[in-house]
$ cat input_32.pdb   # PDB, C-alpha atoms, pLDDT in the B column
MODEL        1
ATOM      1  CA  MET A   1      46.398  30.430 -14.098  1.00 50.00           C
ATOM      2  CA  GLY A   2      48.036  28.230 -11.462  1.00 53.00           C
ATOM      3  CA  ARG A   3      44.703  26.620 -10.684  1.00 51.00           C
ATOM      4  CA  ASN A   4      44.090  25.707 -14.347  1.00 51.00           C
ATOM      5  CA  THR A   5      47.495  24.091 -14.609  1.00 49.00           C
ATOM      6  CA  THR A   6      46.863  22.103 -11.423  1.00 50.00           C
ATOM      7  CA  ALA A   7      43.393  21.064 -12.646  1.00 48.00           C
ATOM      8  CA  TRP A   8      44.823  19.952 -16.006  1.00 46.00           C
ATOM      9  CA  ALA A   9      47.609  18.023 -14.326  1.00 48.00           C
ATOM     10  CA  THR A  10      45.121  16.279 -12.008  1.00 47.00           C
ATOM     11  CA  ALA A  11      42.815  15.427 -14.916  1.00 45.00           C
ATOM     12  CA  ALA A  12      45.763  14.087 -16.948  1.00 47.00           C
ATOM     13  CA  ALA A  13      46.918  11.934 -14.021  1.00 47.00           C
ATOM     14  CA  LEU A  14      43.409  10.498 -13.538  1.00 42.00           C
ATOM     15  CA  MET A  15      43.110   9.807 -17.258  1.00 42.00           C
ATOM     16  CA  ALA A  16      46.469   8.039 -17.335  1.00 43.00           C
ATOM     17  CA  ALA A  17      45.528   5.955 -14.302  1.00 42.00           C
ATOM     18  CA  THR A  18      42.201   5.010 -15.879  1.00 40.00           C
ATOM     19  CA  LEU A  19      43.789   4.098 -19.205  1.00 41.00           C
ATOM     20  CA  GLY A  20      46.464   2.113 -17.403  1.00 43.00           C
ATOM     21  CA  VAL A  21      43.849   0.035 -15.566  1.00 39.00           C
ATOM     22  CA  ALA A  22      41.797  -0.451 -18.718  1.00 39.00           C
ATOM     23  CA  ALA A  23      44.885  -1.702 -20.546  1.00 39.00           C
ATOM     24  CA  VAL A  24      45.396  -4.598 -18.109  1.00 37.00           C
ATOM     25  CA  PRO A  25      44.296  -7.828 -19.824  1.00 40.00           C
ATOM     26  CA  ALA A  26      41.291  -9.593 -18.270  1.00 39.00           C
ATOM     27  CA  GLU A  27      43.295 -12.691 -17.412  1.00 41.00           C
ATOM     28  CA  ALA A  28      45.718 -10.604 -15.371  1.00 38.00           C
ATOM     29  CA  THR A  29      43.077  -9.536 -12.861  1.00 37.00           C
ATOM     30  CA  THR A  30      42.938 -11.402  -9.574  1.00 39.00           C
ATOM     31  CA  THR A  31      39.423 -10.435  -8.500  1.00 39.00           C
ATOM     32  CA  THR A  32      37.099 -13.386  -8.013  1.00 40.00           C
ATOM     33  CA  THR A  33      33.465 -12.837  -8.957  1.00 41.00           C
ATOM     34  CA  THR A  34      30.548 -15.011  -8.019  1.00 45.00           C
ATOM     35  CA  GLN A  35      27.661 -15.596 -10.382  1.00 51.00           C
ATOM     36  CA  ALA A  36      24.635 -13.554  -9.406  1.00 54.00           C
ATOM     37  CA  THR A  37      21.492 -15.445  -8.587  1.00 58.00           C
ATOM     38  CA  ALA A  38      19.819 -15.837 -11.941  1.00 77.00           C
ATOM     39  CA  CYS A  39      16.915 -18.086 -10.996  1.00 89.00           C
ATOM     40  CA  PRO A  40      13.597 -16.743  -9.751  1.00 83.00           C
ATOM     41  CA  THR A  41      12.777 -17.267  -6.104  1.00 75.00           C
ATOM     42  CA  GLY A  42       9.804 -16.506  -3.928  1.00 87.00           C
ATOM     43  CA  TRP A  43       7.257 -18.770  -5.615  1.00 95.00           C
ATOM     44  CA  GLY A  44       6.569 -20.619  -2.375  1.00 94.00           C
ATOM     45  CA  SER A  45       5.044 -24.048  -1.962  1.00 95.00           C
ATOM     46  CA  VAL A  46       1.489 -23.207  -0.923  1.00 96.00           C
ATOM     47  CA  ALA A  47      -1.531 -24.217  -3.027  1.00 97.00           C
ATOM     48  CA  LYS A  48      -2.235 -22.160  -6.124  1.00 97.00           C
ATOM     49  CA  THR A  49      -5.682 -21.962  -7.721  1.00 97.00           C
ATOM     50  CA  ARG A  50      -7.490 -20.172 -10.511  1.00 97.00           C
ATOM     51  CA  SER A  51     -11.281 -20.340 -10.793  1.00 95.00           C
ATOM     52  CA  ALA A  52     -12.367 -20.967 -14.365  1.00 93.00           C
ATOM     53  CA  ALA A  53     -13.467 -23.980 -16.397  1.00 94.00           C
ATOM     54  CA  THR A  54     -13.822 -25.116 -19.986  1.00 95.00           C
ATOM     55  CA  THR A  55     -15.465 -27.953 -21.877  1.00 95.00           C
ATOM     56  CA  GLU A  56     -12.527 -28.017 -24.308  1.00 96.00           C
ATOM     57  CA  SER A  57     -10.515 -31.207 -23.854  1.00 97.00           C
ATOM     58  CA  VAL A  58      -7.014 -31.974 -22.615  1.00 97.00           C
ATOM     59  CA  THR A  59      -5.111 -33.497 -25.540  1.00 97.00           C
ATOM     60  CA  ASP A  60      -1.534 -33.693 -24.296  1.00 97.00           C
ATOM     61  CA  ILE A  61       0.616 -33.404 -21.180  1.00 97.00           C
ATOM     62  CA  ARG A  62       4.315 -32.788 -21.727  1.00 97.00           C
ATOM     63  CA  THR A  63       7.395 -31.838 -19.740  1.00 97.00           C
ATOM     64  CA  GLY A  64      10.630 -29.940 -20.289  1.00 97.00           C
ATOM     65  CA  ARG A  65      13.895 -29.134 -18.521  1.00 96.00           C
ATOM     66  CA  HIS A  66      15.068 -25.571 -17.961  1.00 94.00           C
ATOM     67  CA  ALA A  67      18.094 -24.018 -16.236  1.00 93.00           C
ATOM     68  CA  CYS A  68      16.182 -23.068 -13.071  1.00 95.00           C
ATOM     69  CA  PHE A  69      13.161 -25.379 -13.033  1.00 96.00           C
ATOM     70  CA  ASP A  70      11.415 -28.377 -14.562  1.00 97.00           C
ATOM     71  CA  ARG A  71       8.162 -27.667 -16.426  1.00 98.00           C
ATOM     72  CA  MET A  72       4.908 -29.532 -17.054  1.00 98.00           C
ATOM     73  CA  VAL A  73       2.482 -28.258 -19.697  1.00 98.00           C
ATOM     74  CA  VAL A  74      -1.149 -29.395 -20.011  1.00 98.00           C
ATOM     75  CA  ASP A  75      -2.462 -28.641 -23.512  1.00 98.00           C
ATOM     76  CA  VAL A  76      -6.152 -27.733 -23.896  1.00 97.00           C
ATOM     77  CA  PRO A  77      -6.571 -26.569 -27.537  1.00 97.00           C
ATOM     78  CA  GLY A  78      -9.362 -24.057 -28.048  1.00 96.00           C
ATOM     79  CA  ALA A  79      -9.575 -23.028 -24.384  1.00 96.00           C
ATOM     80  CA  GLY A  80      -7.747 -19.722 -24.815  1.00 94.00           C
ATOM     81  CA  THR A  81      -6.744 -18.232 -21.452  1.00 93.00           C
ATOM     82  CA  ASN A  82     -10.001 -17.076 -19.825  1.00 93.00           C
ATOM     83  CA  GLY A  83     -11.516 -20.556 -19.484  1.00 90.00           C
ATOM     84  CA  LEU A  84      -8.509 -22.290 -17.980  1.00 96.00           C
ATOM     85  CA  GLY A  85      -8.718 -23.010 -14.271  1.00 96.00           C
ATOM     86  CA  TYR A  86      -6.477 -25.087 -12.045  1.00 98.00           C
ATOM     87  CA  SER A  87      -5.645 -26.177  -8.533  1.00 98.00           C
ATOM     88  CA  VAL A  88      -2.093 -27.281  -7.730  1.00 98.00           C
ATOM     89  CA  ARG A  89      -0.969 -28.313  -4.250  1.00 98.00           C
ATOM     90  CA  TYR A  90       1.302 -30.655  -2.357  1.00 98.00           C
ATOM     91  CA  VAL A  91      -0.461 -33.705  -0.926  1.00 97.00           C
ATOM     92  CA  SER A  92       0.671 -36.482   1.385  1.00 96.00           C
ATOM     93  CA  ARG A  93      -1.393 -39.062  -0.560  1.00 94.00           C
ATOM     94  CA  LEU A  94      -3.136 -38.823  -3.907  1.00 95.00           C
ATOM     95  CA  TYR A  95      -6.656 -40.189  -4.433  1.00 95.00           C
ATOM     96  CA  GLN A  96      -8.563 -40.462  -7.691  1.00 92.00           C
ATOM     97  CA  ASP A  97     -11.765 -38.438  -7.923  1.00 89.00           C
ATOM     98  CA  GLY A  98     -14.890 -40.564  -8.244  1.00 86.00           C
ATOM     99  CA  SER A  99     -13.437 -43.913  -7.157  1.00 89.00           C
ATOM    100  CA  GLY A 100     -11.354 -42.717  -4.209  1.00 92.00           C
ATOM    101  CA  ASN A 101      -8.599 -45.159  -5.236  1.00 91.00           C
ATOM    102  CA  ARG A 102      -5.116 -44.217  -4.137  1.00 94.00           C
ATOM    103  CA  VAL A 103      -2.604 -43.532  -6.917  1.00 95.00           C
ATOM    104  CA  THR A 104       1.029 -43.987  -5.942  1.00 95.00           C
ATOM    105  CA  VAL A 105       3.450 -41.411  -7.318  1.00 97.00           C
ATOM    106  CA  GLY A 106       7.220 -41.654  -6.792  1.00 96.00           C
ATOM    107  CA  GLY A 107       9.364 -38.841  -5.397  1.00 96.00           C
ATOM    108  CA  GLY A 108      10.112 -37.095  -2.131  1.00 97.00           C
ATOM    109  CA  ALA A 109       6.928 -34.987  -2.478  1.00 98.00           C
ATOM    110  CA  VAL A 110       3.822 -35.119  -4.659  1.00 98.00           C
ATOM    111  CA  LEU A 111       2.026 -32.269  -6.386  1.00 98.00           C
ATOM    112  CA  GLU A 112      -1.605 -32.847  -7.252  1.00 98.00           C
ATOM    113  CA  VAL A 113      -2.271 -30.969 -10.477  1.00 98.00           C
ATOM    114  CA  ARG A 114      -5.933 -30.418 -11.342  1.00 97.00           C
ATOM    115  CA  VAL A 115      -6.920 -28.722 -14.565  1.00 98.00           C
ATOM    116  CA  ALA A 116     -10.565 -27.655 -14.964  1.00 97.00           C
ATOM    117  CA  ALA A 117     -10.912 -29.330 -18.360  1.00 97.00           C
ATOM    118  CA  PRO A 118     -11.937 -32.900 -19.232  1.00 97.00           C
ATOM    119  CA  ALA A 119      -9.567 -35.432 -20.784  1.00 96.00           C
ATOM    120  CA  TYR A 120     -12.476 -36.746 -22.838  1.00 96.00           C
ATOM    121  CA  ASP A 121     -14.877 -35.436 -25.481  1.00 95.00           C
ATOM    122  CA  VAL A 122     -17.886 -34.081 -23.571  1.00 93.00           C
ATOM    123  CA  ASP A 123     -20.280 -35.101 -26.377  1.00 94.00           C
ATOM    124  CA  THR A 124     -19.098 -38.683 -26.890  1.00 94.00           C
ATOM    125  CA  GLY A 125     -17.215 -39.525 -23.682  1.00 93.00           C
ATOM    126  CA  LYS A 126     -14.296 -40.752 -25.813  1.00 95.00           C
ATOM    127  CA  PRO A 127     -10.870 -40.106 -24.196  1.00 95.00           C
ATOM    128  CA  THR A 128      -8.831 -37.279 -25.729  1.00 96.00           C
ATOM    129  CA  TYR A 129      -5.814 -38.172 -23.593  1.00 95.00           C
ATOM    130  CA  PRO A 130      -5.933 -41.984 -23.645  1.00 88.00           C
ATOM    131  CA  VAL A 131      -3.966 -43.017 -20.558  1.00 92.00           C
ATOM    132  CA  ARG A 132      -5.451 -45.094 -17.733  1.00 92.00           C
ATOM    133  CA  ALA A 133      -5.477 -44.064 -14.109  1.00 92.00           C
ATOM    134  CA  GLY A 134      -2.139 -44.705 -12.404  1.00 92.00           C
ATOM    135  CA  GLN A 135      -0.157 -44.990 -15.640  1.00 94.00           C
ATOM    136  CA  ARG A 136       2.834 -42.821 -16.474  1.00 96.00           C
ATOM    137  CA  LEU A 137       2.111 -39.889 -18.733  1.00 95.00           C
ATOM    138  CA  LYS A 138       2.202 -40.784 -22.423  1.00 93.00           C
ATOM    139  CA  GLY A 139       5.507 -39.848 -24.088  1.00 93.00           C
ATOM    140  CA  VAL A 140       7.051 -38.360 -20.930  1.00 95.00           C
ATOM    141  CA  ASP A 141      10.574 -39.540 -20.027  1.00 95.00           C
ATOM    142  CA  LEU A 142      11.925 -37.871 -16.880  1.00 96.00           C
ATOM    143  CA  THR A 143      15.456 -39.248 -17.185  1.00 95.00           C
ATOM    144  CA  GLY A 144      17.952 -36.468 -16.432  1.00 95.00           C
ATOM    145  CA  TYR A 145      15.455 -34.091 -14.798  1.00 97.00           C
ATOM    146  CA  ARG A 146      16.753 -32.305 -11.695  1.00 96.00           C
ATOM    147  CA  THR A 147      13.385 -31.930  -9.956  1.00 97.00           C
ATOM    148  CA  PHE A 148      10.755 -34.210 -11.539  1.00 98.00           C
ATOM    149  CA  ARG A 149      10.818 -37.862 -10.493  1.00 98.00           C
ATOM    150  CA  ASP A 150       7.461 -39.311 -11.628  1.00 97.00           C
ATOM    151  CA  ALA A 151       4.356 -38.179 -13.505  1.00 98.00           C
ATOM    152  CA  ARG A 152       1.109 -40.160 -13.420  1.00 97.00           C
ATOM    153  CA  PHE A 153      -2.309 -39.703 -14.948  1.00 97.00           C
ATOM    154  CA  VAL A 154      -4.806 -39.932 -12.104  1.00 97.00           C
ATOM    155  CA  GLY A 155      -8.043 -39.521 -14.048  1.00 95.00           C
ATOM    156  CA  SER A 156     -10.649 -37.196 -15.469  1.00 95.00           C
ATOM    157  CA  PHE A 157     -13.957 -36.901 -13.638  1.00 93.00           C
ATOM    158  CA  GLU A 158     -16.811 -34.413 -13.971  1.00 93.00           C
ATOM    159  CA  GLY A 159     -14.792 -32.053 -16.153  1.00 92.00           C
ATOM    160  CA  ASP A 160     -11.589 -32.036 -14.073  1.00 95.00           C
ATOM    161  CA  THR A 161      -8.353 -33.748 -15.068  1.00 97.00           C
ATOM    162  CA  GLN A 162      -6.064 -34.937 -12.270  1.00 97.00           C
ATOM    163  CA  ILE A 163      -2.316 -35.526 -12.571  1.00 98.00           C
ATOM    164  CA  GLY A 164       0.202 -36.647  -9.961  1.00 98.00           C
ATOM    165  CA  LEU A 165       3.624 -35.022 -10.271  1.00 98.00           C
ATOM    166  CA  GLY A 166       6.358 -36.571  -8.127  1.00 98.00           C
ATOM    167  CA  VAL A 167       9.217 -34.206  -7.328  1.00 98.00           C
ATOM    168  CA  ARG A 168      12.541 -34.588  -5.532  1.00 97.00           C
ATOM    169  CA  ALA A 169      11.379 -32.651  -2.440  1.00 97.00           C
ATOM    170  CA  ARG A 170       8.793 -30.041  -1.458  1.00 97.00           C
ATOM    171  CA  LEU A 171      10.157 -27.246  -3.646  1.00 96.00           C
ATOM    172  CA  PRO A 172       8.763 -23.863  -4.709  1.00 97.00           C
ATOM    173  CA  PHE A 173       6.470 -23.874  -7.716  1.00 97.00           C
ATOM    174  CA  ARG A 174       4.434 -21.518  -9.843  1.00 97.00           C
ATOM    175  CA  VAL A 175       1.423 -22.068 -12.073  1.00 98.00           C
ATOM    176  CA  TRP A 176       0.427 -19.860 -14.968  1.00 97.00           C
ATOM    177  CA  VAL A 177      -1.823 -19.853 -18.001  1.00 97.00           C
ATOM    178  CA  ALA A 178      -0.833 -19.278 -21.612  1.00 96.00           C
ATOM    179  CA  PRO A 179      -3.199 -19.563 -24.583  1.00 97.00           C
ATOM    180  CA  ASP A 180      -4.573 -23.136 -24.642  1.00 97.00           C
ATOM    181  CA  ARG A 181      -2.322 -24.443 -21.842  1.00 97.00           C
ATOM    182  CA  VAL A 182      -1.694 -24.569 -18.121  1.00 98.00           C
ATOM    183  CA  VAL A 183       1.980 -24.459 -17.118  1.00 98.00           C
ATOM    184  CA  VAL A 184       3.494 -25.756 -13.860  1.00 98.00           C
ATOM    185  CA  ASP A 185       7.131 -24.872 -13.089  1.00 97.00           C
ATOM    186  CA  VAL A 186       8.901 -26.474 -10.109  1.00 97.00           C
ATOM    187  CA  ALA A 187      12.198 -24.875  -9.033  1.00 96.00           C
ATOM    188  CA  HIS A 188      15.370 -26.938  -8.666  1.00 95.00           C
ATOM    189  CA  ASN A 189      15.981 -25.515  -5.174  1.00 93.00           C
ATOM    190  CA  TRP A 190      14.902 -22.875  -2.670  1.00 92.00           C
ATOM    191  CA  THR A 191      17.953 -20.618  -3.029  1.00 89.00           C
ATOM    192  CA  GLY A 192      17.714 -19.633  -6.671  1.00 84.00           C
ATOM    193  CA  ALA A 193      21.220 -20.937  -7.382  1.00 84.00           C
ATOM    194  CA  ARG A 194      21.756 -22.711 -10.679  1.00 81.00           C
TER     195      ARG A 194
ENDMDL
END

$ encode --input "input_32.pdb" --output "structure tokens"
Amino acid sequence: MGRNTTAWATAAALMAATLGVAAVPAEATTTTTTQATACPTGWGSVAKTRSAATTESVTDIRTGRHACFDRMVVDVPGAGTNGLGYSVRYVSRLYQDGSGNRVTVGGGAVLEVRVAAPAYDVDTGKPTYPVRAGQRLKGVDLTGYRTFRDARFVGSFEGDTQIGLGVRARLPFRVWVAPDRVVVDVAHNWTGAR
């Protein structure tokens, strides 16, 4: 019976200690916590490719800001996911397919984004994304972006559409396909910190 009394007394003391700690208001604690890394890391900066192609046309190129990265989306309505191919890589200089003309893109580093879809109607040759080579992307304003600095249409030749994406520095990026679009995300930094 002495053991049961001791066990009960110990349990009661632990319960009182636990309740006493739980009753301390949050603002009274002095422990400092650091925010856990919430951004993805490990994307790397090496070239990323996907072999596929479509005759569906690029109709829009748009950008967006996110907490951990800046995003570019190339819309190809009707392409689904199976027919969307791409090649995305850092380049020291960007040259237009066909002509070989150099296209200058601002930023500390330049990503060449190639989507295996034309920016014109394959039956008529009429542009479906009417921007000339070297011009800024239509409707894209990069003011306030942490990573993106410049975005230029390079051209569309033999079924491939070329885009120059100027970024702050050579940062990690990922490329993925969603229905009717190719998505390029470029991280704000290498550490994953917000």

$ closest_residue --input "input_32.pdb" --among "A:Thr63, A:Ser57, A:Ser99, A:Thr191" --to "A:Arg149" --atoms "all atoms listed in the file"
A:Thr63

$ closest_residue --input "input_32.pdb" --among "A:Gly80, A:Gly134, A:Gly42, A:Gly107" --to "A:Asn189" --atoms "only C-alpha atoms"
A:Gly42

$ resolve_selection --input "input_32.pdb" --expression "the PyMOL selection byres ((chain A and resi 137-147) around 7)" --output "PDB file with C-alpha atoms, in the coordinates of the input"
ATOM      1  CA  ARG A  62       4.315 -32.788 -21.727  1.00 97.00           C
ATOM      2  CA  THR A  63       7.395 -31.838 -19.740  1.00 97.00           C
ATOM      3  CA  ARG A  65      13.895 -29.134 -18.521  1.00 96.00           C
ATOM      4  CA  ASP A  70      11.415 -28.377 -14.562  1.00 97.00           C
ATOM      5  CA  VAL A 131      -3.966 -43.017 -20.558  1.00 92.00           C
ATOM      6  CA  GLN A 135      -0.157 -44.990 -15.640  1.00 94.00           C
ATOM      7  CA  ARG A 136       2.834 -42.821 -16.474  1.00 96.00           C
ATOM      8  CA  PHE A 148      10.755 -34.210 -11.539  1.00 98.00           C
ATOM      9  CA  ARG A 149      10.818 -37.862 -10.493  1.00 98.00           C
ATOM     10  CA  ALA A 151       4.356 -38.179 -13.505  1.00 98.00           C
ATOM     11  CA  ARG A 152       1.109 -40.160 -13.420  1.00 97.00           C
ATOM     12  CA  PHE A 153      -2.309 -39.703 -14.948  1.00 97.00           C
ATOM     13  CA  VAL A 167       9.217 -34.206  -7.328  1.00 98.00           C
ATOM     14  CA  ARG A 168      12.541 -34.588  -5.532  1.00 97.00           C
ATOM     15  CA  HIS A 188      15.370 -26.938  -8.666  1.00 95.00           C
TER      16      HIS A 188
END

$ resolve_selection --input "input_32.pdb" --expression "the PyMOL selection byres ((chain A and resi 110) around 7)" --output "number ranges by chain"
A: 90-92, 105, 107, 109, 111-112, 164-167

$ atom_distance --input "input_32.pdb" --atom1 "atom CA of A:Asp180" --atom2 "atom CA of A:Tyr95"
26.5 Å

$ closest_residue --input "input_32.pdb" --among "A:Lys126, A:Arg102, A:Arg132, A:Arg114" --to "A:Val175" --atoms "all atoms listed in the file"
A:Arg114

$ resolve_selection --input "input_32.pdb" --expression "the PyMOL selection byres ((chain A and resi 177) around 10)" --output "PDB file with C-alpha atoms, in the coordinates of the input"
ATOM      1  CA  ARG A  50      -7.490 -20.172 -10.511  1.00 97.00           C
ATOM      2  CA  VAL A  73       2.482 -28.258 -19.697  1.00 98.00           C
ATOM      3  CA  VAL A  74      -1.149 -29.395 -20.011  1.00 98.00           C
ATOM      4  CA  GLY A  80      -7.747 -19.722 -24.815  1.00 94.00           C
ATOM      5  CA  THR A  81      -6.744 -18.232 -21.452  1.00 93.00           C
ATOM      6  CA  ASN A  82     -10.001 -17.076 -19.825  1.00 93.00           C
ATOM      7  CA  GLY A  83     -11.516 -20.556 -19.484  1.00 90.00           C
ATOM      8  CA  LEU A  84      -8.509 -22.290 -17.980  1.00 96.00           C
ATOM      9  CA  GLY A  85      -8.718 -23.010 -14.271  1.00 96.00           C
ATOM     10  CA  TYR A  86      -6.477 -25.087 -12.045  1.00 98.00           C
ATOM     11  CA  VAL A 175       1.423 -22.068 -12.073  1.00 98.00           C
ATOM     12  CA  TRP A 176       0.427 -19.860 -14.968  1.00 97.00           C
ATOM     13  CA  ALA A 178      -0.833 -19.278 -21.612  1.00 96.00           C
ATOM     14  CA  PRO A 179      -3.199 -19.563 -24.583  1.00 97.00           C
ATOM     15  CA  ASP A 180      -4.573 -23.136 -24.642  1.00 97.00           C
ATOM     16  CA  ARG A 181      -2.322 -24.443 -21.842  1.00 97.00           C
ATOM     17  CA  VAL A 182      -1.694 -24.569 -18.121  1.00 98.00           C
ATOM     18  CA  VAL A 183       1.980 -24.459 -17.118  1.00 98.00           C
ATOM     19  CA  VAL A 184       3.494 -25.756 -13.860  1.00 98.00           C
TER      20      VAL A 184
END

$ closest_residue --input "input_32.pdb" --among "A:Ala119, A:Ile163, A:Val88, A:Ala187" --to "A:Val46" --atoms "only C-alpha atoms"
A:Val88

$ residues_around --input "input_32.pdb" --residues "A:Arg194" --least-positions-apart "2" --cutoff "8 Å" --atoms "only C-alpha atoms" --output "list in words"
Thr37, Ala38, Cys39, Ala67, Cys68, His188 and Gly192 of chain A

$ atom_distance --input "input_32.pdb" --atom1 "atom CA of A:Val76" --atom2 "atom CA of A:Thr161"
10.9 Å

$ atom_distance --input "input_32.pdb" --atom1 "atom CA of A:Ser87" --atom2 "atom CA of A:Gln162"
9.5 Å

$ residues_around --input "input_32.pdb" --residues "A:Gly44" --least-positions-apart "6" --cutoff "8 Å" --atoms "all atoms listed in the file" --output "NGL selection string"
:A and (171-174)

$ closest_residue --input "input_32.pdb" --among "A:Gly64, A:Trp43, A:Val154, A:Ala193" --to "A:Gln96" --atoms "all atoms listed in the file"
A:Val154

$ decode --input "input_32.pdb" --residues "stretch 102-119 of chain A" --atoms "N, CA, C and O atoms" --output "PDB file, in the first residue's frame"
ATOM      1  N   ARG A 102      21.542  37.773 -81.636  1.00  0.00           N
ATOM      2  CA  ARG A 102      21.622  37.790 -80.184  1.00  0.00           C
ATOM      3  C   ARG A 102      20.479  38.617 -79.614  1.00  0.00           C
ATOM      4  O   ARG A 102      20.163  39.696 -80.120  1.00  0.00           O
ATOM      5  N   VAL A 103      19.860  38.122 -78.550  1.00  0.00           N
ATOM      6  CA  VAL A 103      18.801  38.844 -77.851  1.00  0.00           C
ATOM      7  C   VAL A 103      19.320  39.146 -76.453  1.00  0.00           C
ATOM      8  O   VAL A 103      19.680  38.240 -75.703  1.00  0.00           O
ATOM      9  N   THR A 104      19.383  40.430 -76.129  1.00  0.00           N
ATOM     10  CA  THR A 104      19.889  40.847 -74.824  1.00  0.00           C
ATOM     11  C   THR A 104      18.771  40.786 -73.798  1.00  0.00           C
ATOM     12  O   THR A 104      17.667  41.290 -74.024  1.00  0.00           O
ATOM     13  N   VAL A 105      19.094  40.152 -72.658  1.00  0.00           N
ATOM     14  CA  VAL A 105      18.134  40.013 -71.566  1.00  0.00           C
ATOM     15  C   VAL A 105      18.820  40.514 -70.303  1.00  0.00           C
ATOM     16  O   VAL A 105      19.936  40.097 -69.987  1.00  0.00           O
ATOM     17  N   GLY A 106      18.168  41.415 -69.566  1.00  0.00           N
ATOM     18  CA  GLY A 106      18.746  41.969 -68.350  1.00  0.00           C
ATOM     19  C   GLY A 106      18.722  40.989 -67.192  1.00  0.00           C
ATOM     20  O   GLY A 106      17.922  40.055 -67.158  1.00  0.00           O
ATOM     21  N   GLY A 107      19.623  41.208 -66.224  1.00  0.00           N
ATOM     22  CA  GLY A 107      19.679  40.372 -65.028  1.00  0.00           C
ATOM     23  C   GLY A 107      21.087  39.854 -64.799  1.00  0.00           C
ATOM     24  O   GLY A 107      21.952  39.948 -65.673  1.00  0.00           O
ATOM     25  N   GLY A 108      21.312  39.293 -63.638  1.00  0.00           N
ATOM     26  CA  GLY A 108      22.616  38.730 -63.309  1.00  0.00           C
ATOM     27  C   GLY A 108      22.869  37.391 -63.983  1.00  0.00           C
ATOM     28  O   GLY A 108      24.003  36.952 -64.115  1.00  0.00           O
ATOM     29  N   ALA A 109      21.787  36.702 -64.398  1.00  0.00           N
ATOM     30  CA  ALA A 109      21.876  35.425 -65.106  1.00  0.00           C
ATOM     31  C   ALA A 109      20.655  35.321 -66.017  1.00  0.00           C
ATOM     32  O   ALA A 109      19.633  35.968 -65.792  1.00  0.00           O
ATOM     33  N   VAL A 110      20.787  34.499 -67.066  1.00  0.00           N
ATOM     34  CA  VAL A 110      19.705  34.368 -68.037  1.00  0.00           C
ATOM     35  C   VAL A 110      19.330  32.898 -68.210  1.00  0.00           C
ATOM     36  O   VAL A 110      20.191  32.056 -68.464  1.00  0.00           O
ATOM     37  N   LEU A 111      18.045  32.626 -68.060  1.00  0.00           N
ATOM     38  CA  LEU A 111      17.500  31.307 -68.360  1.00  0.00           C
ATOM     39  C   LEU A 111      16.906  31.327 -69.767  1.00  0.00           C
ATOM     40  O   LEU A 111      16.095  32.199 -70.090  1.00  0.00           O
ATOM     41  N   GLU A 112      17.325  30.369 -70.579  1.00  0.00           N
ATOM     42  CA  GLU A 112      16.693  30.179 -71.873  1.00  0.00           C
ATOM     43  C   GLU A 112      15.586  29.159 -71.661  1.00  0.00           C
ATOM     44  O   GLU A 112      15.829  28.028 -71.238  1.00  0.00           O
ATOM     45  N   VAL A 113      14.358  29.594 -71.937  1.00  0.00           N
ATOM     46  CA  VAL A 113      13.190  28.733 -71.778  1.00  0.00           C
ATOM     47  C   VAL A 113      12.692  28.386 -73.179  1.00  0.00           C
ATOM     48  O   VAL A 113      12.333  29.277 -73.948  1.00  0.00           O
ATOM     49  N   ARG A 114      12.720  27.100 -73.493  1.00  0.00           N
ATOM     50  CA  ARG A 114      12.194  26.616 -74.777  1.00  0.00           C
ATOM     51  C   ARG A 114      11.011  25.712 -74.501  1.00  0.00           C
ATOM     52  O   ARG A 114      11.113  24.778 -73.711  1.00  0.00           O
ATOM     53  N   VAL A 115       9.907  26.009 -75.157  1.00  0.00           N
ATOM     54  CA  VAL A 115       8.719  25.171 -75.049  1.00  0.00           C
ATOM     55  C   VAL A 115       8.482  24.569 -76.432  1.00  0.00           C
ATOM     56  O   VAL A 115       8.490  25.287 -77.442  1.00  0.00           O
ATOM     57  N   ALA A 116       8.280  23.249 -76.479  1.00  0.00           N
ATOM     58  CA  ALA A 116       8.096  22.547 -77.753  1.00  0.00           C
ATOM     59  C   ALA A 116       6.664  22.709 -78.250  1.00  0.00           C
ATOM     60  O   ALA A 116       5.880  21.766 -78.338  1.00  0.00           O
ATOM     61  N   ALA A 117       6.331  23.971 -78.550  1.00  0.00           N
ATOM     62  CA  ALA A 117       5.024  24.341 -79.096  1.00  0.00           C
ATOM     63  C   ALA A 117       5.224  25.648 -79.858  1.00  0.00           C
ATOM     64  O   ALA A 117       5.973  26.518 -79.411  1.00  0.00           O
ATOM     65  N   PRO A 118       4.576  25.818 -80.998  1.00  0.00           N
ATOM     66  CA  PRO A 118       4.750  27.054 -81.765  1.00  0.00           C
ATOM     67  C   PRO A 118       3.970  28.212 -81.164  1.00  0.00           C
ATOM     68  O   PRO A 118       2.959  28.005 -80.489  1.00  0.00           O
ATOM     69  N   ALA A 119       4.423  29.415 -81.418  1.00  0.00           N
ATOM     70  CA  ALA A 119       3.676  30.620 -81.016  1.00  0.00           C
ATOM     71  C   ALA A 119       2.974  31.196 -82.240  1.00  0.00           C
ATOM     72  O   ALA A 119       2.837  32.400 -82.402  1.00  0.00           O
TER      73      ALA A 119
END
